[in-house]
Every structure is written in C-alpha cells, then in structure tokens.
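S.K.: query25.tsv is reproduced below (TSV, C-alpha atoms and all ligand atoms).
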chain	number	residue	atom	x	y	z
A	47	MET	CA	148.62	-58.34	237.16
A	48	ASP	CA	149.63	-61.97	237.69
A	49	VAL	CA	147.24	-63.95	239.81
A	50	ALA	CA	148.90	-66.48	242.10
A	51	PRO	CA	148.15	-70.00	240.87
A	52	LYS	CA	145.41	-71.61	242.91
A	53	ILE	CA	146.16	-74.40	245.32
A	54	PRO	CA	146.02	-77.61	243.29
A	55	VAL	CA	143.05	-79.90	243.70
A	56	ILE	CA	143.88	-83.55	243.08
A	57	GLU	CA	141.43	-86.38	242.92
A	58	PHE	CA	142.18	-90.05	243.13
A	59	SER	CA	140.38	-93.17	244.23
A	60	GLY	CA	141.21	-96.32	246.14
A	61	GLU	CA	141.07	-98.10	242.80
A	62	ASP	CA	143.65	-95.74	241.28
A	63	VAL	CA	146.00	-96.57	244.14
A	64	GLU	CA	145.43	-100.30	243.97
A	65	HIS	CA	145.86	-100.56	240.19
A	66	GLY	CA	148.38	-97.78	239.86
A	67	ARG	CA	150.93	-99.38	242.11
A	68	SER	CA	150.91	-102.71	240.35
A	69	SER	CA	150.54	-101.54	236.76
A	70	SER	CA	152.44	-98.22	236.75
A	71	SER	CA	149.85	-97.02	234.22
A	72	GLU	CA	150.13	-93.63	232.52
A	73	ARG	CA	147.25	-92.37	234.66
A	74	TRP	CA	149.08	-93.39	237.80
A	75	LYS	CA	152.33	-91.77	236.68
A	76	ALA	CA	150.44	-88.57	235.87
A	77	LEU	CA	148.82	-88.60	239.33
A	78	CYS	CA	152.19	-89.11	241.03
A	79	SER	CA	153.62	-86.15	239.06
A	80	LYS	CA	150.67	-83.97	240.01
A	81	VAL	CA	151.19	-84.76	243.69
A	82	ARG	CA	154.93	-84.07	243.51
A	83	GLU	CA	154.45	-80.87	241.52
A	84	ALA	CA	151.86	-79.58	244.02
A	85	CYS	CA	154.30	-80.25	246.86
A	86	GLU	CA	157.08	-78.49	244.93
A	87	SER	CA	155.07	-75.46	243.92
A	88	HIS	CA	152.72	-74.96	246.88
A	89	GLY	CA	153.76	-77.34	249.64
A	90	CYS	CA	150.15	-78.45	249.89
A	91	PHE	CA	147.16	-79.58	247.89
A	92	VAL	CA	143.49	-80.32	248.31
A	93	LEU	CA	142.69	-83.98	247.89
A	94	THR	CA	139.47	-85.83	247.27
A	95	TYR	CA	139.80	-89.50	248.02
A	96	ASP	CA	136.90	-91.92	248.20
A	97	GLU	CA	138.62	-94.61	250.24
A	98	ILE	CA	137.92	-92.83	253.52
A	99	PRO	CA	134.13	-93.03	253.83
A	100	LYS	CA	132.17	-89.83	254.29
A	101	SER	CA	130.24	-91.48	257.09
A	102	LEU	CA	133.49	-92.07	259.01
A	103	ARG	CA	134.42	-88.40	258.65
A	104	GLU	CA	131.00	-87.34	259.82
A	105	ASP	CA	131.12	-89.73	262.79
A	106	MET	CA	134.55	-88.38	263.67
A	107	LEU	CA	133.31	-84.78	263.70
A	108	VAL	CA	130.26	-85.71	265.79
A	109	GLY	CA	132.48	-87.58	268.28
A	110	MET	CA	134.89	-84.65	268.44
A	111	LYS	CA	132.07	-82.28	269.31
A	112	ALA	CA	131.10	-84.51	272.24
A	113	LEU	CA	134.77	-84.61	273.28
A	114	PHE	CA	135.17	-80.84	273.34
A	115	ASP	CA	131.81	-80.50	275.09
A	116	LEU	CA	133.20	-82.44	278.10
A	117	PRO	CA	133.85	-80.38	281.25
A	118	GLU	CA	137.14	-78.49	281.27
A	119	GLU	CA	138.40	-80.52	284.25
A	120	THR	CA	137.87	-83.78	282.36
A	121	LYS	CA	139.68	-82.50	279.27
A	122	CYS	CA	142.56	-81.28	281.46
A	123	LYS	CA	143.12	-84.86	282.62
A	124	TYR	CA	144.83	-85.51	279.31
A	125	GLN	CA	148.43	-84.62	280.07
A	126	HIS	CA	151.42	-85.99	278.23
A	127	PRO	CA	155.16	-85.46	278.71
A	128	LYS	CA	155.72	-84.79	274.99
A	129	PRO	CA	154.85	-81.41	273.47
A	130	TYR	CA	151.71	-80.92	271.35
A	131	ARG	CA	149.88	-83.87	272.89
A	132	SER	CA	148.37	-82.67	276.19
A	133	TYR	CA	144.99	-81.00	276.16
A	134	GLN	CA	145.47	-77.39	275.24
A	135	GLY	CA	142.75	-74.85	275.83
A	136	LYS	CA	142.43	-71.25	276.73
A	137	CYS	CA	146.03	-70.59	275.76
A	138	PRO	CA	146.54	-66.79	275.90
A	139	VAL	CA	148.33	-66.77	272.51
A	140	VAL	CA	145.53	-68.64	270.73
A	141	PRO	CA	142.47	-68.42	272.98
A	142	LEU	CA	140.11	-69.69	270.28
A	143	HIS	CA	141.98	-72.96	269.90
A	144	GLU	CA	141.60	-76.24	271.83
A	145	SER	CA	143.35	-79.47	270.94
A	146	PHE	CA	144.42	-82.97	271.91
A	147	GLY	CA	147.20	-85.00	270.29
A	148	ILE	CA	147.07	-88.80	270.46
A	149	ASP	CA	150.24	-90.72	269.67
A	150	ASP	CA	149.81	-93.73	267.43
A	151	ALA	CA	146.03	-93.86	267.58
A	152	THR	CA	146.56	-96.47	264.87
A	153	ARG	CA	147.05	-98.85	267.83
A	154	PHE	CA	143.65	-99.73	269.22
A	155	GLU	CA	144.97	-99.67	272.81
A	156	ALA	CA	146.22	-96.09	272.37
A	157	ALA	CA	142.81	-94.92	271.18
A	158	GLN	CA	141.20	-96.86	274.02
A	159	ASP	CA	143.45	-95.37	276.73
A	160	PHE	CA	142.41	-91.95	275.49
A	161	THR	CA	138.68	-92.60	275.37
A	162	TYR	CA	138.68	-94.32	278.81
A	163	LEU	CA	140.41	-91.30	280.29
A	164	MET	CA	137.81	-88.94	278.82
A	165	TRP	CA	134.81	-91.23	279.42
A	166	PRO	CA	135.55	-93.50	282.40
A	167	GLN	CA	132.40	-95.48	281.55
A	168	GLY	CA	133.94	-96.04	278.08
A	169	ASN	CA	133.09	-94.76	274.63
A	170	PRO	CA	133.72	-97.78	272.41
A	171	ALA	CA	132.10	-96.17	269.36
A	172	PHE	CA	134.38	-93.12	269.36
A	173	CYS	CA	137.39	-95.28	270.20
A	174	GLU	CA	136.69	-97.37	267.10
A	175	ILE	CA	136.27	-94.21	264.99
A	176	LEU	CA	139.55	-92.66	266.20
A	177	ASN	CA	141.41	-95.88	265.54
A	178	MET	CA	139.85	-96.53	262.12
A	179	MET	CA	140.33	-92.93	260.98
A	180	SER	CA	143.99	-92.96	262.04
A	181	LEU	CA	144.65	-96.22	260.24
A	182	LYS	CA	143.05	-94.98	257.03
A	183	MET	CA	144.78	-91.62	257.17
A	184	LEU	CA	148.17	-93.18	257.89
A	185	GLU	CA	147.74	-95.51	254.95
A	186	LEU	CA	146.83	-92.52	252.77
A	187	SER	CA	149.87	-90.68	254.05
A	188	PHE	CA	152.14	-93.59	253.05
A	189	THR	CA	150.45	-93.70	249.65
A	190	ILE	CA	151.14	-90.00	249.09
A	191	LEU	CA	154.75	-90.33	250.26
A	192	GLY	CA	155.15	-93.30	247.91
A	193	MET	CA	153.73	-91.24	245.02
A	194	ILE	CA	156.21	-88.45	245.69
A	195	PHE	CA	159.17	-90.85	245.86
A	196	GLU	CA	158.03	-92.70	242.74
A	197	SER	CA	157.68	-89.45	240.87
A	198	PHE	CA	161.22	-88.46	241.86
A	199	GLY	CA	162.30	-91.81	240.40
A	200	ILE	CA	163.54	-93.05	243.74
A	201	GLU	CA	163.59	-96.80	244.25
A	202	GLU	CA	161.24	-98.23	246.81
A	203	LYS	CA	164.16	-99.66	248.80
A	204	GLN	CA	165.54	-96.16	249.35
A	205	TYR	CA	162.47	-94.91	251.06
A	206	GLU	CA	161.25	-98.11	252.69
A	207	ALA	CA	163.19	-97.21	255.82
A	208	LEU	CA	161.71	-93.72	255.90
A	209	VAL	CA	158.21	-95.14	255.84
A	210	LYS	CA	159.04	-98.04	258.18
A	211	ASP	CA	160.51	-95.60	260.70
A	212	SER	CA	157.35	-93.49	260.82
A	213	SER	CA	154.89	-93.00	263.60
A	214	SER	CA	151.89	-90.72	263.80
A	215	ILE	CA	149.98	-88.29	265.95
A	216	LEU	CA	146.27	-87.74	265.52
A	217	ARG	CA	145.44	-84.18	266.51
A	218	VAL	CA	141.85	-83.12	267.05
A	219	MET	CA	141.10	-79.40	267.17
A	220	LYS	CA	138.29	-76.99	267.88
A	221	TYR	CA	138.23	-73.25	267.24
A	222	ARG	CA	135.52	-71.27	268.93
A	223	VAL	CA	133.89	-68.21	267.41
A	224	PRO	CA	135.79	-65.07	268.45
A	225	ALA	CA	134.03	-62.78	270.90
A	226	THR	CA	134.05	-59.08	269.99
A	227	GLU	CA	137.12	-58.41	272.13
A	228	ASP	CA	139.08	-61.38	270.70
A	229	GLN	CA	141.48	-61.38	267.81
A	230	ASN	CA	140.39	-63.78	265.10
A	231	LEU	CA	143.66	-65.71	264.89
A	232	GLY	CA	142.88	-69.40	265.49
A	233	LEU	CA	146.38	-70.78	265.14
A	234	VAL	CA	149.66	-68.89	264.78
A	235	PRO	CA	151.62	-69.06	261.51
A	236	HIS	CA	153.91	-72.10	261.44
A	237	THR	CA	155.34	-74.84	259.29
A	238	ASP	CA	154.62	-78.38	260.40
A	239	LYS	CA	157.81	-80.00	261.69
A	240	ASN	CA	156.82	-83.56	260.82
A	241	ALA	CA	156.99	-85.18	257.37
A	242	LEU	CA	153.43	-85.04	256.04
A	243	THR	CA	150.13	-83.79	257.47
A	244	ILE	CA	146.67	-84.68	256.25
A	245	LEU	CA	143.92	-82.42	257.55
A	246	CYS	CA	140.18	-82.64	257.46
A	247	GLN	CA	137.70	-80.04	258.68
A	248	ASN	CA	134.02	-79.37	259.14
A	249	GLU	CA	132.33	-76.89	256.79
A	250	VAL	CA	133.96	-73.87	258.47
A	251	GLN	CA	136.88	-72.55	256.43
A	252	GLY	CA	139.80	-70.73	258.03
A	253	LEU	CA	143.06	-72.34	256.93
A	254	GLU	CA	145.42	-69.94	255.17
A	255	ILE	CA	148.81	-70.49	253.56
A	256	VAL	CA	151.62	-68.17	252.51
A	257	THR	CA	152.01	-68.20	248.75
A	258	LYS	CA	155.38	-68.08	246.99
A	259	GLU	CA	154.74	-64.38	246.49
A	260	GLY	CA	154.51	-64.01	250.27
A	261	HIS	CA	150.77	-63.32	250.56
A	262	TRP	CA	148.32	-65.06	252.84
A	263	GLU	CA	145.78	-67.01	250.84
A	264	GLU	CA	142.73	-68.84	252.11
A	265	VAL	CA	142.58	-72.54	251.33
A	266	VAL	CA	139.01	-73.19	250.34
A	267	VAL	CA	138.43	-76.81	251.14
A	268	PRO	CA	135.41	-78.38	249.47
A	269	LYS	CA	133.17	-80.47	251.71
A	270	ASP	CA	134.54	-84.00	252.02
A	271	ALA	CA	138.04	-83.08	250.82
A	272	PHE	CA	141.35	-83.32	252.66
A	273	ILE	CA	144.29	-80.92	252.74
A	274	VAL	CA	147.76	-82.39	252.48
A	275	ILE	CA	150.67	-80.33	253.84
A	276	VAL	CA	154.42	-80.90	253.48
A	277	GLY	CA	156.36	-80.57	256.74
A	278	ASP	CA	159.98	-79.72	257.54
A	279	ALA	CA	161.14	-83.36	257.73
A	280	LEU	CA	159.99	-84.02	254.16
A	281	LYS	CA	161.46	-80.75	252.97
A	282	ALA	CA	164.86	-81.75	254.38
A	283	TRP	CA	164.55	-85.28	253.02
A	284	SER	CA	163.79	-83.88	249.54
A	285	ASN	CA	166.82	-81.58	249.78
A	286	GLY	CA	164.55	-78.56	249.76
A	287	ARG	CA	162.72	-79.52	246.55
A	288	LEU	CA	159.42	-79.69	248.39
A	289	VAL	CA	158.08	-76.64	250.17
A	290	ALA	CA	157.14	-76.80	253.86
A	291	VAL	CA	154.39	-74.25	253.52
A	292	LYS	CA	153.68	-71.77	256.29
A	293	HIS	CA	150.05	-71.79	257.38
A	294	ARG	CA	147.69	-70.45	260.06
A	295	VAL	CA	144.03	-70.50	260.95
A	296	VAL	CA	141.89	-67.36	260.92
A	297	MET	CA	138.34	-67.51	262.24
A	298	LYS	CA	135.54	-65.71	260.46
A	299	GLY	CA	131.79	-65.97	260.72
A	300	ASP	CA	129.72	-67.33	263.53
A	301	LYS	CA	130.29	-71.07	263.44
A	302	GLU	CA	132.77	-73.20	265.35
A	303	ARG	CA	135.49	-74.86	263.36
A	304	TYR	CA	136.49	-78.46	264.02
A	305	SER	CA	139.47	-80.03	262.32
A	306	PHE	CA	141.59	-83.11	262.73
A	307	GLY	CA	144.92	-84.06	261.29
A	308	LEU	CA	147.12	-87.09	260.99
A	309	PHE	CA	150.74	-86.03	261.39
A	310	THR	CA	153.16	-88.61	260.03
A	311	LEU	CA	156.55	-88.17	261.66
A	312	PRO	CA	159.88	-89.96	261.92
A	313	LYS	CA	160.07	-92.40	264.85
A	314	GLU	CA	162.16	-91.78	267.96
A	315	GLY	CA	165.82	-92.03	266.96
A	316	ALA	CA	165.22	-91.71	263.19
A	317	VAL	CA	167.73	-89.60	261.26
A	318	ILE	CA	166.58	-87.40	258.38
A	319	GLU	CA	169.01	-87.40	255.52
A	320	ALA	CA	168.45	-85.99	252.05
A	321	ALA	CA	167.77	-88.63	249.40
A	322	ARG	CA	171.01	-89.23	247.48
A	323	GLU	CA	169.15	-88.99	244.18
A	324	LEU	CA	168.09	-85.44	244.97
A	325	VAL	CA	171.57	-84.09	245.65
A	326	ASP	CA	173.71	-83.11	242.66
A	327	SER	CA	175.75	-80.20	241.33
A	328	GLU	CA	172.59	-78.29	240.47
A	329	HIS	CA	171.04	-79.10	243.84
A	330	PRO	CA	173.81	-79.05	246.45
A	331	LEU	CA	173.07	-80.53	249.85
A	332	LEU	CA	170.96	-78.07	251.87
A	333	TYR	CA	170.58	-79.80	255.22
A	334	ARG	CA	172.99	-81.95	257.18
A	335	PRO	CA	171.59	-85.29	258.41
A	336	PHE	CA	169.85	-84.76	261.73
A	337	ASN	CA	168.03	-86.68	264.39
A	338	PHE	CA	164.39	-85.72	264.07
A	339	ALA	CA	163.63	-85.85	267.80
A	340	ASP	CA	166.58	-83.54	268.53
A	341	TYR	CA	165.34	-81.14	265.87
A	342	PHE	CA	161.87	-81.18	267.33
A	343	SER	CA	163.23	-80.47	270.83
A	344	TYR	CA	165.24	-77.62	269.38
A	345	PHE	CA	162.10	-76.18	267.81
A	346	VAL	CA	160.10	-76.52	271.02
A	347	SER	CA	162.81	-74.74	273.00
A	348	THR	CA	163.08	-71.81	270.56
A	349	LEU	CA	159.73	-71.77	268.66
A	350	SER	CA	161.81	-70.17	265.92
A	351	ASP	CA	160.12	-69.47	262.61
A	352	ASP	CA	163.18	-70.65	260.71
A	353	ALA	CA	164.02	-73.58	262.95
A	354	LEU	CA	164.99	-75.95	260.14
A	355	ASP	CA	167.41	-73.51	258.52
A	356	ILE	CA	168.98	-72.49	261.80
A	357	TYR	CA	169.26	-76.06	263.04
A	358	ALA	CA	170.34	-78.04	260.00
A	359	ARG	CA	171.28	-75.78	257.09
A	360	VAL	CA	174.68	-76.72	255.70
B	401	LIG	O1	143.08	-76.65	262.07
B	401	LIG	C1	143.67	-76.62	261.01
B	401	LIG	O2	143.09	-76.71	259.95
B	401	LIG	C2	145.17	-76.46	260.98
B	401	LIG	C3	145.88	-77.20	262.06
B	401	LIG	C4	147.37	-77.10	261.94
B	401	LIG	O3	147.91	-76.47	261.08
B	401	LIG	C5	148.23	-77.85	262.89
B	401	LIG	O4	147.71	-78.39	263.88
B	401	LIG	O5	149.45	-77.90	262.66
B	402	FE	FE	149.98	-77.04	260.91
Re-express the file's structure as structure tokens.

M.R.:
Amino acid sequence: MDVAPKIPVIEFSGEDVEHGRSSSSERWKALCSKVREACESHGCFVLTYDEIPKSLREDMLVGMKALFDLPEETKCKYQHPKPYRSYQGKCPVVPLHESFGIDDATRFEAAQDFTYLMWPQGNPAFCEILNMMSLKMLELSFTILGMIFESFGIEEKQYEALVKDSSSILRVMKYRVPATEDQNLGLVPHTDKNALTILCQNEVQGLEIVTKEGHWEEVVVPKDAFIVIVGDALKAWSNGRLVAVKHRVVMKGDKERYSFGLFTLPKEGAVIEAARELVDSEHPLLYRPFNFADYFSYFVSTLSDDALDIYARV
C-alpha cells in the first residue's frame, strides 16, 4: 500500500537568506524549489529557521499564557468591527478554542493599544514581544513568498506590488483540554483565506491537514519549528498551482495547547489576479481577478467550505 508522502521539513538560516538573495547560489535555488514544491504538493511545510530566536518564542508563549489567564471580562474588552479579531472564547462550535487577532502588530502602537487594553497599568515587555515577533514573522513571510516567486521564475517587479500591498494579523490562540463531555475538535476544518500563514505552537501537537488522498494527517511539529500554510489568496494568485490545504485542530492528551500565527493578507482594496507567467494553454486561468476584501466578506457571510471556487472560479 502506498504511504502518503510526509509533510516536507525544510531548514534554512538567516545566512542562507542573506547570501542566497544576492548570490543566487545553487543552494539557494534548491531551497526555493523545495519551498515551492512543498506548497504545490502539500500546501504546507514544517520550517526550522534560526533567525527568530528561541528565547523570543518562549517569551511569547509565556506572555500568551498570562494573557489567557486574565479574567473573562477583561478579555471580552477586546472587540473589533472586523471578523476574526475580537476576543473569541466559549464559542459553542469550538468550545476549547480562545483567540485574539491583532491587526498590524508590526506597528508598535498597534501592539501597545492591545496590551494597554488588556493591562491598563501597561505590559511593556509583552508589547515589545508581540511587536518584535510580528516583525520577524512578517519578514519571514515575505522571504518565503519571494522564494516561491523566484522559483516560478517570476521577476521581482511582478510581485513587488503583491508584497507591498500586504498587511498582517497576529492571531494568538489557546485550546483547553477537553472535559469528558466535550468533543475534542479544537478548530473546525478550514482553508486560510489569506495569502500565507506561519504558525508556531507550544509542545502540544494537534494540527491536522487533509492529504491529497483525502485523509486527515497529523502535522508533527518539532519543538522550535514553524508550520507554513498556503492560503486561498496565494492559491488564486498562483493560478491554482499551490494548494490551499484544509486543516483543523484536534485536542488529545491532558495539556493545553497554545499557538500563534502571522497571517499575511492583501491590504484593503488589493485585487488578487493570477500571475501572467502561470497562465498558459496547459494551465488555463482558474480564478477571475477579485478584490480580496470582498472575497473575505463573502466567505464570512457564507462560511462556505468552497468559498474560493464559488466566488471566483472562471
Ligand atoms: O492553532 C493552530 O495551530 C491552527 C490555527 C489555524 O489554523 C487558524 O487560526 O487559522
Ligand atoms: Fe488556519
């Protein structure tokens, strides 16, 4: 019996990125291909990357624990008009899950507004951590997008706008241990709607993806690694060459899971259009150009599993 190929594990360093970009060395080209191939075959990969210090990740997880330990009424103060930002907790569909989404935490003031709301006396250390982590993860996200474009042989000018027109959401999440009467579903199956997601978690596993063969498979994430996930916007941009992989979280064991993710997404008003280089007679255009914000609103109003196909398929 065929065994489904394992989720690729890719390793690169800050030095690889720095030298690779300027020298276009064989090693760099091979790394870019690996990243693209993982996104084509699995829609995700596990990444180890030394440029984001382990101590920063640990500080982030410690700070998150203190955040989720705040009283419910304090956490509920975080309300936002846009979906997937406001504090979410005790939702009947996913009662194990709690989350906050902070827009552009790469701006110090945005991180600060959030921490002042949660800790009126201030929490400058956690504010700094949120801001620093977002900046580093956004930079990594742009690096990965650049690697994908480069590997497709697409000129930098063609994707400059895509990167320039990006913003980000930092989502921080907690999953409690299911009680005996609870289901163990932490997060419902979904594809991410944004372009690229980078996730990081504590030692508690639980993320699962749907393989090409249609089976759920656990993503075993080594300590200190990241998971990179392709979203709908990147799938459409790549004319369907990259897979927006469906994933969910299932809780097992007796330890709480904490995770955080940097979601890179097209800015307000940005239009997603397939790269010209990726449309040809063998690969006819799959998705019409669409305004990302309109697509996102469509998804929120329907919560359809196949939102991208229904909304934009030619
Ligand atoms: O907590 C996780 O690891 C997954 C989170 C996720 O998929 C999401 O927020 O879109
Ligand atoms: Fe997700």

S.K.: Do you know which residues are at most 9 Å from segment 283-293 of chain A counting all atoms listed in the file, after dropping those on the same chain fewer than 4 positions away, and could you put them as number ranges by chain?

M.R.: A: 82-90, 233-239, 241, 253-257, 262, 275-279, 318-321, 324-325, 329-333, 335

S.K.: Using all atoms listed in the file, pick whichever of A:Phe188, A:Phe154, A:Phe172, A:Tyr357 has the shortest atom-to-atom distance to Ala282 of chain A.

M.R.: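 Answer, going by the shortest atom-to-atom distance: A:Tyr357.
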
S.K.: With all atoms listed in the file counted, collect every polymer residue having an atom within 7 Å of ligand LIG 401 (chain B); state the result as a PDB file with C-alpha atoms, in the frame of the given file.

M.R.:
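Final output, result-v4.pdb:
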ATOM      1  CA  ARG A 217     145.440 -84.180 266.510  1.00  0.00           C
ATOM      2  CA  MET A 219     141.100 -79.400 267.170  1.00  0.00           C
ATOM      3  CA  ASP A 238     154.620 -78.380 260.400  1.00  0.00           C
ATOM      4  CA  LEU A 245     143.920 -82.420 257.550  1.00  0.00           C
ATOM      5  CA  GLN A 247     137.700 -80.040 258.680  1.00  0.00           C
ATOM      6  CA  LEU A 253     143.060 -72.340 256.930  1.00  0.00           C
ATOM      7  CA  HIS A 293     150.050 -71.790 257.380  1.00  0.00           C
ATOM      8  CA  ARG A 294     147.690 -70.450 260.060  1.00  0.00           C
ATOM      9  CA  VAL A 295     144.030 -70.500 260.950  1.00  0.00           C
ATOM     10  CA  SER A 305     139.470 -80.030 262.320  1.00  0.00           C
ATOM     11  CA  PHE A 306     141.590 -83.110 262.730  1.00  0.00           C
ATOM     12  CA  GLY A 307     144.920 -84.060 261.290  1.00  0.00           C
TER      13      GLY A 307
END

S.K.: Need to verify the contact set: segment 174-178 of chain A, 7 Å, all atoms listed in the file, exclusion of same-chain residues closer than 6 positions in sequence. Can you return it as an mmCIF file with C-alpha atoms, keeping the file's coordinate frame?

M.R.:
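Result went into part.cif, see below:
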data_model
loop_
_atom_site.group_PDB
_atom_site.id
_atom_site.type_symbol
_atom_site.label_atom_id
_atom_site.label_comp_id
_atom_site.auth_asym_id
_atom_site.auth_seq_id
_atom_site.Cartn_x
_atom_site.Cartn_y
_atom_site.Cartn_z
ATOM 1 C CA LEU A 102 133.490 -92.070 259.010
ATOM 2 C CA MET A 106 134.550 -88.380 263.670
ATOM 3 C CA ALA A 151 146.030 -93.860 267.580
ATOM 4 C CA THR A 152 146.560 -96.470 264.870
ATOM 5 C CA ARG A 153 147.050 -98.850 267.830
ATOM 6 C CA PHE A 154 143.650 -99.730 269.220
ATOM 7 C CA ALA A 157 142.810 -94.920 271.180
#

S.K.: Go through A:Lys258, A:Arg67, A:Lys210, A:Arg131 one by one, measure the shortest atom-to-atom distance of each to Phe309 of chain A using only C-alpha atoms, and give the residue with the smallest value.

M.R.: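 Closest residue, counting only C-alpha atoms: A:Arg131.
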
S.K.: Measuring atom to atom with all atoms listed in the file, identify which of A:Asp355, A:Glu144, A:Glu227, A:Glu264 is nearest to Cys122 of chain A.

M.R.: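 Of A:Asp355, A:Glu144, A:Glu227, A:Glu264, the one nearest Cys122 of chain A is A:Glu144, counting all atoms listed in the file.
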
S.K.: Quick one, how far is atom CA of Val223 of chain A from atom CA of Val267 of chain A?

M.R.: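 That distance, rounded to one decimal, is 19.0 Å.
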
S.K.: From the set A:Val360, A:Val274, A:Leu142, A:Cys173, which residue has the shortest atom-to-atom contact distance to ligand FE 402 (chain B), counting only C-alpha atoms and all ligand atoms?

M.R.: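 Among A:Val360, A:Val274, A:Leu142, A:Cys173, it is A:Val274 that comes nearest to ligand FE 402 (chain B).
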
S.K.: Given all atoms listed in the file as the basis, pick out the residue of A:Glu64, A:Asp115, A:Glu72, A:Glu206 nearest to Leu186 of chain A.

M.R.: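 Smallest separation from Leu186 of chain A among the options: A:Glu64.
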
S.K.: In terms of the shortest atom-to-atom distance over all atoms listed in the file, which of A:Leu280, A:Val296, A:Phe336, A:Asn240 is closest to ligand FE 402 (chain B)?

M.R.: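 Nearest to ligand FE 402 (chain B): A:Asn240.
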
S.K.: Taking (139.4, -84.0, 276.4) as a centre in this file's frame and 6 Å as the limit, can you find every polymer residue with an atom that close, using all atoms listed in the file, and give them as number ranges by chain?

M.R.: A: 113, 121, 164

S.K.: Could you save those same residues with C-alpha atoms as a PDB file, in the coordinates of the input?

M.R.:
ATOM      1  CA  LEU A 113     134.770 -84.610 273.280  1.00  0.00           C
ATOM      2  CA  LYS A 121     139.680 -82.500 279.270  1.00  0.00           C
ATOM      3  CA  MET A 164     137.810 -88.940 278.820  1.00  0.00           C
TER       4      MET A 164
END

S.K.: Could you tell me how far atom CA of Val250 of chain A sits from atom CA of Lys301 of chain A, in Å to one decimal place?

M.R.: 6.8 Å

S.K.: Near Gly299 of chain A, within 12 Å and counting only C-alpha atoms, which residues show up once chain neighbours fewer than 4 positions away are dropped, as a PyMOL selection string?

M.R.: chain A and resi 221-226+230+249-252+303

S.K.: Could you pull segment 148-170 of chain A out of the structure I just pasted and write it to a file containing N, CA and C atoms, as a PDB file, in the first residue's frame?

M.R.:
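To be explicit, this is the file written out as selection.pdb:
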ATOM      1  N   ILE A 148      -4.759  40.496  16.232  1.00  0.00           N
ATOM      2  CA  ILE A 148      -4.291  41.896  16.289  1.00  0.00           C
ATOM      3  C   ILE A 148      -3.818  42.317  14.899  1.00  0.00           C
ATOM      4  N   ASP A 149      -4.483  43.325  14.354  1.00  0.00           N
ATOM      5  CA  ASP A 149      -4.102  43.833  13.034  1.00  0.00           C
ATOM      6  C   ASP A 149      -2.769  44.556  13.118  1.00  0.00           C
ATOM      7  N   ASP A 150      -1.914  44.284  12.169  1.00  0.00           N
ATOM      8  CA  ASP A 150      -0.645  45.003  12.033  1.00  0.00           C
ATOM      9  C   ASP A 150       0.081  45.228  13.358  1.00  0.00           C
ATOM     10  N   ALA A 151       0.274  44.143  14.083  1.00  0.00           N
ATOM     11  CA  ALA A 151       1.049  44.247  15.332  1.00  0.00           C
ATOM     12  C   ALA A 151       2.509  44.571  15.022  1.00  0.00           C
ATOM     13  N   THR A 152       2.816  44.637  13.736  1.00  0.00           N
ATOM     14  CA  THR A 152       4.149  45.076  13.295  1.00  0.00           C
ATOM     15  C   THR A 152       4.330  46.575  13.579  1.00  0.00           C
ATOM     16  N   ARG A 153       3.218  47.278  13.809  1.00  0.00           N
ATOM     17  CA  ARG A 153       3.287  48.696  14.228  1.00  0.00           C
ATOM     18  C   ARG A 153       3.298  48.694  15.740  1.00  0.00           C
ATOM     19  N   PHE A 154       4.288  49.331  16.329  1.00  0.00           N
ATOM     20  CA  PHE A 154       4.416  49.301  17.782  1.00  0.00           C
ATOM     21  C   PHE A 154       3.137  49.793  18.464  1.00  0.00           C
ATOM     22  N   GLU A 155       2.546  50.861  17.894  1.00  0.00           N
ATOM     23  CA  GLU A 155       1.344  51.460  18.516  1.00  0.00           C
ATOM     24  C   GLU A 155       0.193  50.460  18.539  1.00  0.00           C
ATOM     25  N   ALA A 156       0.105  49.610  17.518  1.00  0.00           N
ATOM     26  CA  ALA A 156      -0.990  48.628  17.469  1.00  0.00           C
ATOM     27  C   ALA A 156      -0.818  47.605  18.591  1.00  0.00           C
ATOM     28  N   ALA A 157       0.422  47.164  18.775  1.00  0.00           N
ATOM     29  CA  ALA A 157       0.705  46.203  19.855  1.00  0.00           C
ATOM     30  C   ALA A 157       0.422  46.867  21.200  1.00  0.00           C
ATOM     31  N   GLN A 158       0.794  48.148  21.300  1.00  0.00           N
ATOM     32  CA  GLN A 158       0.629  48.875  22.561  1.00  0.00           C
ATOM     33  C   GLN A 158      -0.859  49.104  22.903  1.00  0.00           C
ATOM     34  N   ASP A 159      -1.650  49.452  21.891  1.00  0.00           N
ATOM     35  CA  ASP A 159      -3.093  49.639  22.140  1.00  0.00           C
ATOM     36  C   ASP A 159      -3.672  48.362  22.729  1.00  0.00           C
ATOM     37  N   PHE A 160      -3.236  47.238  22.169  1.00  0.00           N
ATOM     38  CA  PHE A 160      -3.753  45.949  22.633  1.00  0.00           C
ATOM     39  C   PHE A 160      -3.326  45.679  24.085  1.00  0.00           C
ATOM     40  N   THR A 161      -2.052  45.852  24.363  1.00  0.00           N
ATOM     41  CA  THR A 161      -1.588  45.492  25.713  1.00  0.00           C
ATOM     42  C   THR A 161      -2.147  46.464  26.769  1.00  0.00           C
ATOM     43  N   TYR A 162      -2.321  47.755  26.393  1.00  0.00           N
ATOM     44  CA  TYR A 162      -2.927  48.693  27.361  1.00  0.00           C
ATOM     45  C   TYR A 162      -4.384  48.340  27.648  1.00  0.00           C
ATOM     46  N   LEU A 163      -5.066  47.825  26.631  1.00  0.00           N
ATOM     47  CA  LEU A 163      -6.463  47.445  26.866  1.00  0.00           C
ATOM     48  C   LEU A 163      -6.535  46.245  27.819  1.00  0.00           C
ATOM     49  N   MET A 164      -5.616  45.318  27.655  1.00  0.00           N
ATOM     50  CA  MET A 164      -5.636  44.112  28.494  1.00  0.00           C
ATOM     51  C   MET A 164      -5.035  44.370  29.873  1.00  0.00           C
ATOM     52  N   TRP A 165      -4.008  45.221  29.917  1.00  0.00           N
ATOM     53  CA  TRP A 165      -3.346  45.536  31.199  1.00  0.00           C
ATOM     54  C   TRP A 165      -3.308  47.064  31.321  1.00  0.00           C
ATOM     55  N   PRO A 166      -4.351  47.660  31.887  1.00  0.00           N
ATOM     56  CA  PRO A 166      -4.397  49.134  31.940  1.00  0.00           C
ATOM     57  C   PRO A 166      -3.142  49.742  32.584  1.00  0.00           C
ATOM     58  N   GLN A 167      -2.490  49.010  33.450  1.00  0.00           N
ATOM     59  CA  GLN A 167      -1.237  49.516  34.051  1.00  0.00           C
ATOM     60  C   GLN A 167      -0.055  49.350  33.090  1.00  0.00           C
ATOM     61  N   GLY A 168      -0.319  48.735  31.920  1.00  0.00           N
ATOM     62  CA  GLY A 168       0.729  48.537  30.905  1.00  0.00           C
ATOM     63  C   GLY A 168       1.408  47.191  31.058  1.00  0.00           C
ATOM     64  N   ASN A 169       1.920  46.702  29.940  1.00  0.00           N
ATOM     65  CA  ASN A 169       2.717  45.473  29.952  1.00  0.00           C
ATOM     66  C   ASN A 169       3.759  45.630  28.841  1.00  0.00           C
ATOM     67  N   PRO A 170       4.720  46.560  29.111  1.00  0.00           N
ATOM     68  CA  PRO A 170       5.671  46.917  28.044  1.00  0.00           C
ATOM     69  C   PRO A 170       6.475  45.726  27.535  1.00  0.00           C
TER      70      PRO A 170
END
